[in-house]
>>> print(open('run-v9.txt').read())   # compact mmCIF, C-alpha atoms
# COMPACT_ATOMS: atom_id res chain seq x y z
CA MET A 23 -7.05 25.19 8.08
CA GLU A 24 -5.56 25.70 11.54
CA ILE A 25 -4.56 22.77 13.77
CA GLU A 26 -4.30 23.38 17.51
CA ILE A 27 -2.54 20.82 19.70
CA ILE A 28 -4.61 20.21 22.84
CA SER A 29 -2.52 17.61 24.65
CA ARG A 30 0.28 15.09 24.37
CA GLU A 31 0.78 12.01 26.52
CA CYS A 32 2.05 8.43 26.42
CA ILE A 33 -0.50 5.63 26.46
CA LYS A 34 1.02 2.64 28.20
CA PRO A 35 -0.13 -1.01 27.98
CA SER A 36 -2.78 -1.88 30.57
CA SER A 37 -0.63 -4.87 31.61
CA PRO A 38 3.18 -5.05 31.70
CA THR A 39 5.02 -6.93 28.99
CA PRO A 40 6.57 -10.21 30.24
CA HIS A 41 10.33 -10.06 30.71
CA HIS A 42 11.06 -12.71 28.05
CA LEU A 43 9.40 -10.46 25.42
CA LYS A 44 11.36 -7.32 26.26
CA THR A 45 13.26 -7.28 22.95
CA HIS A 46 11.44 -7.67 19.65
CA LYS A 47 13.58 -8.52 16.62
CA ILE A 48 12.35 -8.09 13.06
CA SER A 49 12.55 -10.98 10.59
CA LEU A 50 14.88 -11.51 7.63
CA VAL A 51 12.04 -10.48 5.31
CA ASP A 52 11.48 -7.31 7.36
CA GLN A 53 15.14 -6.43 6.79
CA PHE A 54 14.27 -6.03 3.11
CA SER A 55 12.02 -3.05 3.84
CA ILE A 56 13.24 0.53 3.85
CA PRO A 57 13.79 1.69 7.49
CA MET A 58 11.29 4.54 7.67
CA PHE A 59 7.98 5.53 9.21
CA VAL A 60 4.78 5.43 7.17
CA SER A 61 1.40 6.90 8.05
CA THR A 62 -2.31 6.13 7.81
CA ILE A 63 -5.39 8.29 8.45
CA ASN A 64 -9.02 7.33 9.09
CA PHE A 65 -11.70 10.03 8.93
CA TYR A 66 -14.99 9.61 10.86
CA LEU A 67 -18.15 11.70 10.44
CA PRO A 68 -19.94 13.00 13.56
CA ASN A 69 -22.39 10.57 15.14
CA GLN A 70 -25.44 12.01 16.90
CA ALA A 71 -25.67 8.96 19.15
CA ALA A 72 -22.03 9.22 20.25
CA ALA A 73 -20.95 10.25 23.72
CA SER A 74 -19.29 13.60 24.38
CA ILE A 75 -16.00 14.38 22.64
CA SER A 76 -14.10 14.03 25.92
CA LYS A 77 -15.73 10.65 26.59
CA ARG A 78 -14.87 9.49 23.07
CA SER A 79 -11.25 10.47 23.56
CA GLN A 80 -11.21 8.59 26.86
CA VAL A 81 -12.60 5.45 25.20
CA LEU A 82 -9.97 5.67 22.45
CA LYS A 83 -7.13 5.97 24.96
CA GLN A 84 -8.37 3.22 27.29
CA SER A 85 -8.97 0.78 24.43
CA LEU A 86 -5.55 1.62 22.96
CA SER A 87 -3.97 0.79 26.33
CA LYS A 88 -5.66 -2.63 26.29
CA THR A 89 -4.68 -3.21 22.63
CA LEU A 90 -1.03 -2.53 23.46
CA THR A 91 -0.94 -5.55 25.77
CA LEU A 92 -1.37 -7.60 22.57
CA TYR A 93 0.83 -5.39 20.37
CA TYR A 94 3.52 -4.83 22.99
CA PRO A 95 6.32 -3.78 20.57
CA LEU A 96 4.29 -0.69 19.64
CA ALA A 97 4.60 0.59 23.21
CA GLY A 98 8.39 0.48 23.11
CA LYS A 99 11.29 2.47 21.71
CA ILE A 100 13.36 1.80 18.59
CA ILE A 101 16.79 0.36 19.41
CA ASP A 102 17.95 0.32 15.80
CA THR A 103 16.58 -0.74 12.40
CA LEU A 104 16.54 -4.37 13.54
CA SER A 105 14.95 -4.37 16.99
CA VAL A 106 12.63 -2.72 19.51
CA ASP A 107 13.03 -2.28 23.26
CA CYS A 108 9.58 -3.34 24.51
CA ASN A 109 9.87 -1.18 27.62
CA ASP A 110 6.17 -0.24 27.96
CA GLU A 111 6.94 3.49 27.79
CA GLY A 112 3.87 3.75 25.62
CA VAL A 113 2.54 5.13 22.37
CA SER A 114 2.88 8.88 21.88
CA TYR A 115 -0.73 10.16 21.72
CA THR A 116 -1.58 13.67 20.54
CA VAL A 117 -5.03 15.25 20.71
CA ALA A 118 -5.56 18.13 18.28
CA ARG A 119 -8.40 20.38 17.17
CA VAL A 120 -9.11 21.80 13.71
CA ASN A 121 -11.22 24.89 13.06
CA CYS A 122 -13.45 23.50 10.31
CA ASN A 123 -16.16 20.93 9.71
CA LEU A 124 -15.15 17.54 8.35
CA ARG A 125 -17.78 17.62 5.59
CA ASP A 126 -16.42 20.96 4.38
CA TYR A 127 -12.92 19.49 4.09
CA LEU A 128 -14.14 16.33 2.37
CA LYS A 129 -16.19 18.18 -0.25
CA GLN A 130 -12.95 18.61 -2.18
CA PRO A 131 -10.05 17.48 0.01
CA ASP A 132 -6.73 19.20 -0.44
CA PHE A 133 -4.07 16.45 -0.47
CA SER A 134 -1.46 18.89 0.81
CA LYS A 135 -3.43 19.25 4.08
CA LEU A 136 -3.41 15.51 4.86
CA PRO A 137 -0.10 15.67 6.80
CA LYS A 138 -1.80 17.94 9.36
CA PHE A 139 -3.82 14.94 10.55
CA VAL A 140 -0.66 12.88 11.19
CA PRO A 141 1.37 13.28 14.41
CA GLY A 142 4.22 15.66 13.71
CA GLU A 143 3.22 15.55 10.02
CA ILE A 144 5.52 12.52 9.74
CA ILE A 145 4.98 10.78 6.40
CA LEU A 146 7.66 8.54 4.87
CA HIS A 147 10.07 9.78 7.53
CA GLU A 148 13.34 8.05 8.41
CA MET A 149 13.47 6.07 11.66
CA THR A 150 15.76 7.18 14.47
CA PRO A 151 17.04 5.17 17.46
CA GLY A 152 15.25 6.04 20.69
CA ALA A 153 12.06 7.17 18.94
CA HIS A 154 8.61 5.90 19.80
CA VAL A 155 7.66 2.88 17.72
CA ALA A 156 4.11 4.15 17.19
CA ILE A 157 2.59 7.63 17.29
CA VAL A 158 -1.13 8.47 17.20
CA GLN A 159 -2.98 11.72 16.59
CA GLU A 160 -6.68 12.16 17.32
CA THR A 161 -7.93 15.29 15.56
CA MET A 162 -11.33 16.74 16.51
CA PHE A 163 -13.30 18.71 13.90
CA ALA A 164 -15.62 21.59 14.83
CA CYS A 165 -18.63 19.48 13.79
CA GLY A 166 -17.82 16.61 16.14
CA GLY A 167 -16.21 14.42 13.50
CA PHE A 168 -12.66 13.21 14.02
CA SER A 169 -9.67 11.57 12.40
CA LEU A 170 -7.10 9.07 13.67
CA GLY A 171 -3.60 9.35 12.29
CA LEU A 172 -1.13 6.51 12.89
CA VAL A 173 2.63 6.60 12.33
CA ILE A 174 4.41 3.25 12.38
CA PRO A 175 7.78 1.86 11.17
CA HIS A 176 7.49 0.22 7.77
CA ASN A 177 10.06 -2.48 8.52
CA PHE A 178 8.18 -3.54 11.68
CA PHE A 179 4.64 -3.33 10.25
CA ASP A 180 3.42 -3.55 6.66
CA GLY A 181 0.05 -2.23 5.49
CA THR A 182 -1.79 -5.41 6.47
CA SER A 183 -0.29 -5.39 9.98
CA ALA A 184 -1.21 -1.74 10.49
CA ILE A 185 -4.80 -2.23 9.31
CA VAL A 186 -5.31 -5.37 11.42
CA PHE A 187 -3.98 -3.41 14.42
CA LEU A 188 -6.51 -0.61 13.79
CA LYS A 189 -9.36 -3.12 13.46
CA ASN A 190 -8.35 -4.85 16.70
CA TRP A 191 -8.13 -1.52 18.50
CA ALA A 192 -11.65 -0.73 17.23
CA MET A 193 -12.97 -4.10 18.40
CA ILE A 194 -11.62 -3.54 21.90
CA ALA A 195 -13.15 -0.02 21.91
CA ARG A 196 -16.50 -1.71 21.15
CA GLN A 197 -15.80 -4.12 24.04
CA GLU A 198 -15.47 -7.10 21.71
CA GLU A 199 -12.77 -9.76 21.75
CA ALA A 200 -9.84 -8.90 19.51
CA GLN A 201 -7.77 -11.26 17.36
CA SER A 202 -4.39 -12.09 18.85
CA PRO A 203 -1.47 -10.91 16.69
CA ASP A 204 0.95 -13.54 15.41
CA PHE A 205 4.63 -12.62 15.88
CA SER A 206 6.03 -15.90 14.54
CA SER A 207 7.56 -14.40 11.37
CA SER A 208 10.67 -13.49 13.38
CA TYR A 209 11.18 -17.22 14.03
CA ILE A 210 10.08 -18.47 10.61
CA PHE A 211 12.52 -16.09 8.87
CA PRO A 212 15.29 -15.57 11.45
CA GLN A 213 17.07 -12.25 11.36
CA ASN A 214 20.64 -12.18 10.07
CA THR A 215 22.81 -9.18 10.95
CA SER A 216 25.26 -9.91 8.13
CA PHE A 217 22.51 -9.14 5.62
CA ARG A 218 22.66 -5.46 4.69
CA GLN A 219 19.82 -3.60 6.35
CA ASP A 220 18.33 -1.65 3.46
CA PRO A 221 18.66 -3.82 0.32
CA MET A 222 15.40 -2.41 -1.04
CA SER A 223 16.71 1.14 -0.89
CA SER A 224 20.08 0.27 -2.39
CA THR A 225 18.50 -1.95 -5.04
CA PHE A 226 15.90 0.31 -6.56
CA GLY A 227 14.95 3.12 -4.17
CA SER A 228 16.53 5.85 -6.29
CA LEU A 229 15.25 4.32 -9.53
CA ALA A 230 11.67 4.13 -8.30
CA PHE A 231 11.36 7.10 -5.91
CA GLY A 232 14.29 9.41 -6.71
CA ARG A 233 13.38 10.40 -10.26
CA GLU A 234 14.08 13.81 -11.77
CA GLY A 235 11.23 15.95 -12.99
CA TYR A 236 7.96 17.19 -11.53
CA PHE A 237 5.52 14.50 -10.41
CA VAL A 238 1.86 15.02 -9.57
CA SER A 239 -0.77 12.80 -7.94
CA ARG A 240 -4.35 12.02 -8.91
CA ARG A 241 -7.04 9.82 -7.41
CA PHE A 242 -9.11 7.74 -9.86
CA VAL A 243 -12.23 6.20 -8.32
CA PHE A 244 -13.81 3.12 -9.90
CA GLU A 245 -17.38 2.38 -8.83
CA GLY A 246 -18.32 -1.27 -8.29
CA SER A 247 -20.56 -1.54 -11.36
CA SER A 248 -17.74 -0.25 -13.61
CA LEU A 249 -15.42 -2.90 -12.17
CA SER A 250 -18.03 -5.60 -12.85
CA ASN A 251 -18.14 -4.49 -16.48
CA LEU A 252 -14.35 -4.50 -16.75
CA LYS A 253 -14.18 -7.99 -15.23
CA ALA A 254 -16.81 -9.25 -17.68
CA LYS A 255 -14.84 -7.78 -20.60
CA ALA A 256 -11.61 -9.39 -19.37
CA THR A 257 -13.38 -12.74 -19.09
CA ARG A 258 -14.61 -12.48 -22.69
CA LEU A 259 -11.03 -11.81 -23.77
CA GLY A 260 -9.76 -14.98 -22.11
CA VAL A 261 -8.72 -13.91 -18.59
CA HIS A 262 -9.81 -16.55 -16.08
CA ASN A 263 -11.53 -15.14 -12.97
CA PRO A 264 -10.17 -11.58 -13.20
CA THR A 265 -10.19 -9.64 -9.94
CA ARG A 266 -11.13 -6.02 -9.24
CA VAL A 267 -7.49 -5.19 -8.60
CA GLU A 268 -6.32 -6.80 -11.83
CA VAL A 269 -8.73 -4.94 -14.11
CA VAL A 270 -7.90 -1.60 -12.48
CA ILE A 271 -4.13 -2.02 -12.80
CA ALA A 272 -4.61 -3.26 -16.37
CA ILE A 273 -6.51 -0.21 -17.58
CA LEU A 274 -4.20 2.20 -15.73
CA PHE A 275 -1.15 0.49 -17.24
CA LYS A 276 -2.64 0.74 -20.73
CA CYS A 277 -3.36 4.47 -20.30
CA ILE A 278 0.08 5.21 -18.85
CA MET A 279 1.88 3.34 -21.63
CA SER A 280 -0.24 5.05 -24.30
CA ALA A 281 0.73 8.44 -22.84
CA LEU A 282 4.41 7.51 -22.62
CA ASN A 283 4.48 6.26 -26.18
CA ALA A 284 2.74 9.39 -27.43
CA LYS A 285 5.20 11.66 -25.63
CA LEU A 286 8.40 9.64 -25.92
CA PRO A 287 8.44 7.54 -29.10
CA PRO A 288 9.56 4.93 -30.04
CA ARG A 289 7.55 2.54 -27.86
CA LYS A 290 8.87 2.32 -24.29
CA SER A 291 9.09 -0.87 -22.28
CA ALA A 292 8.14 -1.01 -18.60
CA LEU A 293 9.00 -2.78 -15.39
CA ILE A 294 6.14 -3.15 -12.92
CA SER A 295 7.41 -3.44 -9.34
CA THR A 296 4.55 -5.39 -7.75
CA SER A 297 4.26 -5.85 -3.98
CA VAL A 298 3.14 -9.38 -3.06
CA ASN A 299 1.51 -10.22 0.28
CA LEU A 300 3.30 -13.35 1.52
CA ARG A 301 0.52 -14.34 3.90
CA ARG A 302 -1.61 -15.69 1.08
CA ARG A 303 1.30 -17.23 -0.84
CA ALA A 304 2.72 -19.42 1.91
CA VAL A 305 1.80 -23.11 2.20
CA PRO A 306 0.02 -23.33 4.55
CA PRO A 307 -0.93 -19.62 4.49
CA PHE A 308 0.35 -17.34 7.23
CA ALA A 309 -2.35 -15.85 9.44
CA GLU A 310 -3.75 -12.48 8.36
CA THR A 311 -2.86 -11.36 11.90
CA SER A 312 0.84 -12.05 11.25
CA VAL A 313 2.84 -9.01 12.32
CA GLY A 314 5.73 -7.80 10.23
CA ASN A 315 6.58 -6.54 6.80
CA LEU A 316 5.45 -9.75 5.09
CA VAL A 317 5.71 -8.35 1.58
CA LEU A 318 8.20 -8.98 -1.21
CA VAL A 319 8.55 -7.44 -4.65
CA ALA A 320 7.97 -9.23 -7.95
CA PRO A 321 9.44 -7.39 -10.96
CA VAL A 322 7.25 -7.81 -14.06
CA PRO A 323 8.95 -6.69 -17.32
CA VAL A 324 6.63 -5.70 -20.17
CA ASN A 325 7.92 -4.88 -23.66
CA GLY A 326 6.76 -1.86 -25.63
CA GLU A 327 4.58 -3.90 -27.95
CA GLU A 328 2.39 -5.30 -25.17
CA THR A 329 -0.09 -2.45 -24.95
CA ASP A 330 -3.16 -4.68 -24.71
CA SER A 331 -4.27 -4.52 -21.09
CA TYR A 332 -5.40 -8.13 -20.91
CA SER A 333 -2.14 -9.54 -22.30
CA PHE A 334 -0.56 -7.46 -19.56
CA LEU A 335 -2.71 -9.25 -16.98
CA HIS A 336 -1.36 -12.62 -18.09
CA ARG A 337 2.19 -11.26 -17.77
CA MET A 338 1.45 -9.94 -14.26
CA ARG A 339 0.13 -13.31 -13.14
CA GLU A 340 3.21 -15.08 -14.48
CA GLY A 341 5.54 -12.74 -12.59
CA ILE A 342 3.71 -13.03 -9.30
CA THR A 343 3.51 -16.85 -9.37
CA LEU A 344 7.28 -16.99 -8.86
CA ILE A 345 6.70 -15.97 -5.24
CA ASN A 346 5.03 -19.18 -4.13
CA GLY A 347 5.05 -21.66 -1.28
CA ASP A 348 8.28 -23.36 -2.40
CA PHE A 349 10.09 -20.03 -2.69
CA LEU A 350 8.96 -18.97 0.78
CA LYS A 351 10.08 -22.31 2.23
CA SER A 352 13.53 -21.68 0.79
CA LEU A 353 13.77 -18.41 2.75
CA GLN A 354 13.09 -20.08 6.09
CA GLY A 355 15.56 -21.40 8.65
CA ASP A 356 19.29 -20.99 8.84
CA GLN A 357 19.77 -21.30 5.05
CA GLY A 358 17.24 -18.58 4.29
CA MET A 359 19.81 -15.80 4.01
CA TYR A 360 21.61 -17.53 1.12
CA ARG A 361 18.42 -17.78 -0.95
CA PHE A 362 17.42 -14.27 0.06
CA ASN A 363 20.72 -12.87 -1.16
CA GLU A 364 20.14 -14.63 -4.48
CA TYR A 365 16.70 -13.07 -4.70
CA VAL A 366 18.07 -9.58 -4.00
CA LYS A 367 20.77 -10.01 -6.67
CA GLU A 368 18.18 -11.16 -9.22
CA LEU A 369 15.96 -8.24 -8.33
CA SER A 370 18.83 -5.78 -8.60
CA LYS A 371 19.72 -7.16 -12.02
CA SER A 372 16.12 -6.69 -13.22
CA TYR A 373 16.01 -3.05 -12.12
CA SER A 374 19.47 -2.26 -13.47
CA LYS A 375 18.54 -3.68 -16.86
CA ALA A 376 15.27 -1.77 -16.91
CA SER A 377 17.10 1.44 -16.07
CA SER A 378 19.78 0.95 -18.73
CA ASP A 379 17.10 0.12 -21.31
CA GLY A 380 15.17 3.28 -20.51
CA ALA A 381 12.14 1.34 -19.31
CA GLU A 382 9.47 3.05 -17.26
CA ILE A 383 9.59 1.71 -13.69
CA ILE A 384 6.11 1.66 -12.14
CA VAL A 385 5.69 0.78 -8.45
CA PHE A 386 2.38 -0.97 -7.75
CA ASN A 387 0.81 -1.83 -4.40
CA SER A 388 -2.70 -2.80 -3.32
CA TRP A 389 -4.36 -2.56 0.10
CA CYS A 390 -7.69 -3.76 -1.26
CA ASN A 391 -9.69 -6.39 0.64
CA SER A 392 -8.00 -5.29 3.88
CA GLY A 393 -11.26 -4.51 5.68
CA ILE A 394 -10.10 -1.06 6.80
CA TYR A 395 -13.66 0.27 6.60
CA ASN A 396 -14.58 -2.16 9.37
CA ALA A 397 -12.49 -0.14 11.85
CA ASP A 398 -15.56 1.09 13.74
CA PHE A 399 -14.68 2.31 17.25
CA GLY A 400 -18.33 2.46 18.23
CA TRP A 401 -19.38 5.64 16.41
CA GLY A 402 -19.60 4.43 12.82
CA LYS A 403 -17.26 3.22 10.13
CA PRO A 404 -14.63 5.50 8.54
CA ILE A 405 -15.85 7.81 5.80
CA TRP A 406 -12.45 7.87 4.09
CA PHE A 407 -9.08 6.11 4.22
CA PRO A 408 -6.70 8.05 1.93
CA ALA A 409 -3.34 6.83 0.66
CA VAL A 410 -1.62 9.51 2.70
CA SER A 411 1.93 9.00 1.36
CA PHE A 412 0.86 10.65 -1.92
CA ALA A 413 0.43 13.91 -0.01
CA VAL A 414 4.20 14.44 0.13
CA GLY A 415 4.74 14.28 -3.63
CA LEU A 416 6.29 10.95 -4.59
CA ARG A 417 9.11 11.31 -7.12
CA GLY A 418 8.25 8.36 -9.31
CA SER A 419 5.54 6.46 -11.17
CA VAL A 420 3.51 4.87 -8.36
CA ILE A 421 0.07 3.26 -8.19
CA GLN A 422 -1.61 2.34 -4.91
CA LEU A 423 -5.09 0.84 -4.71
CA VAL A 424 -7.41 1.01 -1.70
CA ASP A 425 -11.05 0.07 -1.29
CA THR A 426 -13.84 2.61 -1.37
CA ARG A 427 -16.16 2.55 1.61
CA MET A 428 -19.18 1.48 -0.49
CA SER A 429 -20.18 -0.23 -3.75
CA ASN A 430 -17.19 -2.59 -3.79
CA GLY A 431 -15.21 0.05 -5.65
CA ILE A 432 -11.53 0.98 -5.74
CA GLU A 433 -9.61 4.23 -5.30
CA ALA A 434 -6.46 4.27 -7.42
CA TRP A 435 -3.91 6.80 -6.15
CA VAL A 436 -1.47 7.51 -8.96
CA SER A 437 1.76 9.52 -9.12
CA LEU A 438 3.16 10.31 -12.58
CA ASP A 439 5.34 12.82 -14.37
CA GLU A 440 3.23 15.96 -14.87
CA GLY A 441 3.31 15.73 -18.66
CA ILE A 442 2.28 12.08 -18.65
CA MET A 443 -0.46 12.70 -16.08
CA SER A 444 -1.92 15.50 -18.18
CA MET A 445 -2.66 12.90 -20.86
CA VAL A 446 -3.70 10.07 -18.53
CA ASP A 447 -6.32 12.11 -16.67
CA GLN A 448 -7.88 13.07 -20.01
CA ASP A 449 -7.89 9.54 -21.43
CA LYS A 450 -11.43 8.88 -22.72
CA GLU A 451 -11.33 5.15 -22.00
CA LEU A 452 -10.24 5.76 -18.41
CA LEU A 453 -12.82 8.52 -17.87
CA SER A 454 -15.57 6.20 -19.13
CA VAL A 455 -15.03 3.93 -16.11
CA ALA A 456 -13.51 6.19 -13.41
CA SER A 457 -13.94 9.62 -11.83
CA VAL A 458 -11.01 11.92 -11.09
CA ASP A 459 -10.69 13.14 -7.48
CA PRO A 460 -14.39 12.96 -6.53
CA SER A 461 -15.43 13.97 -3.02
CA PRO A 462 -15.24 11.06 -0.55
CA LEU A 463 -18.76 12.12 0.47
CA GLU A 464 -20.01 11.09 -2.98
CA ILE A 465 -18.27 7.74 -3.36
CA ASP A 466 -21.53 5.79 -3.27
CA SER A 467 -23.14 7.86 -6.01
CA ILE A 468 -20.38 8.82 -8.44
CA LYS A 469 -20.74 8.41 -12.17
CA PRO A 470 -17.83 8.16 -14.58
CA ARG A 471 -17.31 11.14 -16.91
CA LEU A 472 -18.31 9.82 -20.34
>>> encode(input="run-v9.txt", output="C-alpha cells")
Amino acid sequence: MEIEIISRECIKPSSPTPHHLKTHKISLVDQFSIPMFVSTINFYLPNQAAASISKRSQVLKQSLSKTLTLYYPLAGKIIDTLSVDCNDEGVSYTVARVNCNLRDYLKQPDFSKLPKFVPGEIILHEMTPGAHVAIVQETMFACGGFSLGLVIPHNFFDGTSAIVFLKNWAMIARQEEAQSPDFSSSYIFPQNTSFRQDPMSSTFGSLAFGREGYFVSRRFVFEGSSLSNLKAKATRLGVHNPTRVEVVIAILFKCIMSALNAKLPPRKSALISTSVNLRRRAVPPFAETSVGNLVLVAPVPVNGEETDSYSFLHRMREGITLINGDFLKSLQGDQGMYRFNEYVKELSKSYSKASSDGAEIIVFNSWCNSGIYNADFGWGKPIWFPAVSFAVGLRGSVIQLVDTRMSNGIEAWVSLDEGIMSMVDQDKELLSVASVDPSPLEIDSIKPRL
C-alpha cells in the first residue's frame, strides 16, 4: 500500500480569535494526563451521489475553517504541556492518495497499515513546544472512498472531546448548526503549576505500558444480539441493569484471568485501571461538549479467587462509585490541588501494591455511546472507526471498547502478552459470543464462531 502526499497547508479559522482568548490553559485534571498526541481515524466508503473529490476536499477544508472559530485552541501552537498560544496559525492539513480501493483494504485490514492514514504517522507521540495543536490528514482511495485522520494532544482533548469536535465539524460541513464547545473546565479546576505535570506517567505509566515481553493485539466484535443475551444472563445472576460495556468487560476479564491462571499458577490477582468520564459523574453533570481531558482513573483490585465475571461486575461498580459528585466538588477551586495530590498518592499506592504482589494490571477504557458513527460530512456515515493506538503495539494488558457501526454491537480492542492471547482468542466461551478480527464490511452480519 503506497501513500502519496498531494498537498500540505494550514487551515485557519474563518474568524479571528478574540484577544482575551489568545492563551488557553489546561485544567488541573488535564495536568493528570500524559503529555502526548493521540490519533483517530474515520473511514468512509465512496458515495455515488457525492460531488467530485476536489469539491469534497474543498467542503472539508471550508467547514474545518468555520469549526475552528469555535475550537480556537486547535488552530494554535503548543507553548508547553500546560498551555496553547491561540494564534490562529491554523490546523496542519495534509491531503494524500492511496493506490488501492477502500473495500479491498477493509476486507481484512492490516493493523500495521493504520498509521499511514494519520498525519506523519503520529500515534501516541510526545508533544513538543511550537508544534501544531491539531493535525489532519485526508486520504483519498482509488475508489473514491476516503479517510480522515486526526492527531490531537491527549492532555488538551480526551476521547469525548475529540469525537464531539469531529461531529461538530461534520454538522458544519452539512450546513447545520453545531454545538458550542464548553471550555469552563479550566475555571472549574484551575491549573496549578506546582503540581507535577505528568503524575499519570510517573504513577503507573511504566507498570501499565512499559512491560517486558511480546504483546499482540486482537479485535473481538460482539454483535448486538449476543450482548442482549449476555445482559439477560447477568440480570438472572443478580446484576441490576447491566450495560453492554459491563458484560463485555466482564467476559473478557474472565477469559484473561483463566488464561493467566492456567499459565502462571497459583491464581493471580488483578488491578483494573478503569477510565471514568467525569462529565456524567459531576453534580450537576458537565456538558458532553466540555473540552478537556475530563477523565480520571479508578483502580479496581480483584483477588485471584474472584473469577466469576458477574461478581467482578459488582466489584467494578464499587470502585467506580468512588469518583462521584462529592469527590469532583473537592477537586474544584483553590483547594482542589490538595485533594488532587491525595488522590494521586492513593492511586500510586494502589499500583505499587499491585506491582509488588505480582498482580496483572489491566488498563480499561470505553468510547462506547460516543456517537462517532454520526460524523457524517454529507456523504454517508463512517464505515469504521478503529482504535488506532493498538496499531503501534502497546506494551501492556489493555482493553478499549468502541461501538460498531450497526446492530448496537461493540468492538473490543485487546492487547495481551502473546502467550496469554493465544489462549484467550481460542476460549470457547468467548468465541460463542464474539468474532475475532472480522472485516468491518461484515459487522452487520457477523456470527460468533461456536
>>> residues_around(input="run-v9.txt", residues="segment 268-276 of chain A", least_positions_apart="2", cutoff="7 Å", atoms="all atoms listed in the file", output="list in words")
Leu252, Lys253, Pro264, Thr265, Arg266, Ile278, Met279, Ser280, Thr329, Asp330, Ser331, Tyr332, Phe334 and Leu335 of chain A
>>> write_last_selection(input="run-v9.txt", atoms="C-alpha atoms", output="CSV table (one decimal), keeping the file's coordinate frame")
chain,number,residue,atom,x,y,z
A,252,LEU,CA,-14.4,-4.5,-16.8
A,253,LYS,CA,-14.2,-8.0,-15.2
A,264,PRO,CA,-10.2,-11.6,-13.2
A,265,THR,CA,-10.2,-9.6,-9.9
A,266,ARG,CA,-11.1,-6.0,-9.2
A,278,ILE,CA,0.1,5.2,-18.8
A,279,MET,CA,1.9,3.3,-21.6
A,280,SER,CA,-0.2,5.0,-24.3
A,329,THR,CA,-0.1,-2.4,-25.0
A,330,ASP,CA,-3.2,-4.7,-24.7
A,331,SER,CA,-4.3,-4.5,-21.1
A,332,TYR,CA,-5.4,-8.1,-20.9
A,334,PHE,CA,-0.6,-7.5,-19.6
A,335,LEU,CA,-2.7,-9.2,-17.0
>>> residues_around(input="run-v9.txt", residues="Asp425 of chain A", least_positions_apart="5", cutoff="8 Å", atoms="only C-alpha atoms", output="list in words")
Trp389, Cys390, Asn391, Asn430, Gly431, Ile432 and Glu433 of chain A
>>> atom_distance(input="run-v9.txt", atom1="atom CA of Val60 of chain A", atom2="atom CA of Ser114 of chain A")
15.2 Å
>>> residues_near_point(input="run-v9.txt", point="(-0.8, -7.3, 22.1)", cutoff="12 Å", atoms="only C-alpha atoms", output="PyMOL selection string")
chain A and resi 34-40+43+85-97+108+110+186-187+190-191+194+200-205+311-313
>>> closest_residue(input="run-v9.txt", among="A:Leu438, A:Leu453, A:Leu188, A:Val322", to="Pro404 of chain A", atoms="all atoms listed in the file")
A:Leu188
>>> closest_residue(input="run-v9.txt", among="A:Glu364, A:Asp52, A:Glu464, A:Asp379", to="Ser208 of chain A", atoms="only C-alpha atoms")
A:Asp52
>>> residues_near_point(input="run-v9.txt", point="(8.1, -14.7, 9.2)", cutoff="10 Å", atoms="all atoms listed in the file", output="PyMOL selection string")
chain A and resi 48-52+204-213+300-301+308+312-316+350+353-354
>>> closest_atom_pairs(input="run-v9.txt", of="segment 346-393 of chain A", to="segment 281-286 of chain A", cutoff="12 Å", atoms="all atoms listed in the file", output="CSV")
residue,atom,partner,partner_atom,distance
A:Gly380,CA,A:Leu286,CA,10.7
A:Ala381,CA,A:Leu282,CA,10.4
A:Glu382,CA,A:Leu282,CA,8.6
A:Ile383,CA,A:Leu282,CA,11.8
>>> write_last_selection(input="run-v9.txt", atoms="C-alpha atoms", output="mmCIF file, keeping the file's coordinate frame")
data_model
loop_
_atom_site.group_PDB
_atom_site.id
_atom_site.type_symbol
_atom_site.label_atom_id
_atom_site.label_comp_id
_atom_site.auth_asym_id
_atom_site.auth_seq_id
_atom_site.Cartn_x
_atom_site.Cartn_y
_atom_site.Cartn_z
ATOM 1 C CA GLY A 380 15.170 3.280 -20.510
ATOM 2 C CA ALA A 381 12.140 1.340 -19.310
ATOM 3 C CA GLU A 382 9.470 3.050 -17.260
ATOM 4 C CA ILE A 383 9.590 1.710 -13.690
#
>>> residues_around(input="run-v9.txt", residues="Gln159 of chain A", least_positions_apart="4", cutoff="9 Å", atoms="only C-alpha atoms", output="list in words")
Ser114, Tyr115, Thr116, Val117, Ala118, Phe139, Val140, Pro141, Gly142, Ser169, Leu170, Gly171, Leu172 and Val173 of chain A
>>> closest_residue(input="run-v9.txt", among="A:Leu423, A:Phe59, A:Asn109, A:Leu318", to="Asn299 of chain A", atoms="only C-alpha atoms")
A:Leu318
>>> closest_residue(input="run-v9.txt", among="A:Cys277, A:Ile405, A:Ile394, A:Val424", to="Glu451 of chain A", atoms="only C-alpha atoms")
A:Cys277
>>> atom_distance(input="run-v9.txt", atom1="atom CA of Leu369 of chain A", atom2="atom CA of Met443 of chain A")
27.7 Å
>>> closest_residue(input="run-v9.txt", among="A:Leu136, A:Glu24, A:Asn251, A:Ser297", to="Ser454 of chain A", atoms="all atoms listed in the file")
A:Asn251
>>> closest_residue(input="run-v9.txt", among="A:Leu293, A:Ile56, A:Leu452, A:Ile384", to="Val420 of chain A", atoms="all atoms listed in the file")
A:Ile384
>>> atom_distance(input="run-v9.txt", atom1="atom CA of Thr103 of chain A", atom2="atom CA of Leu146 of chain A")
14.9 Å
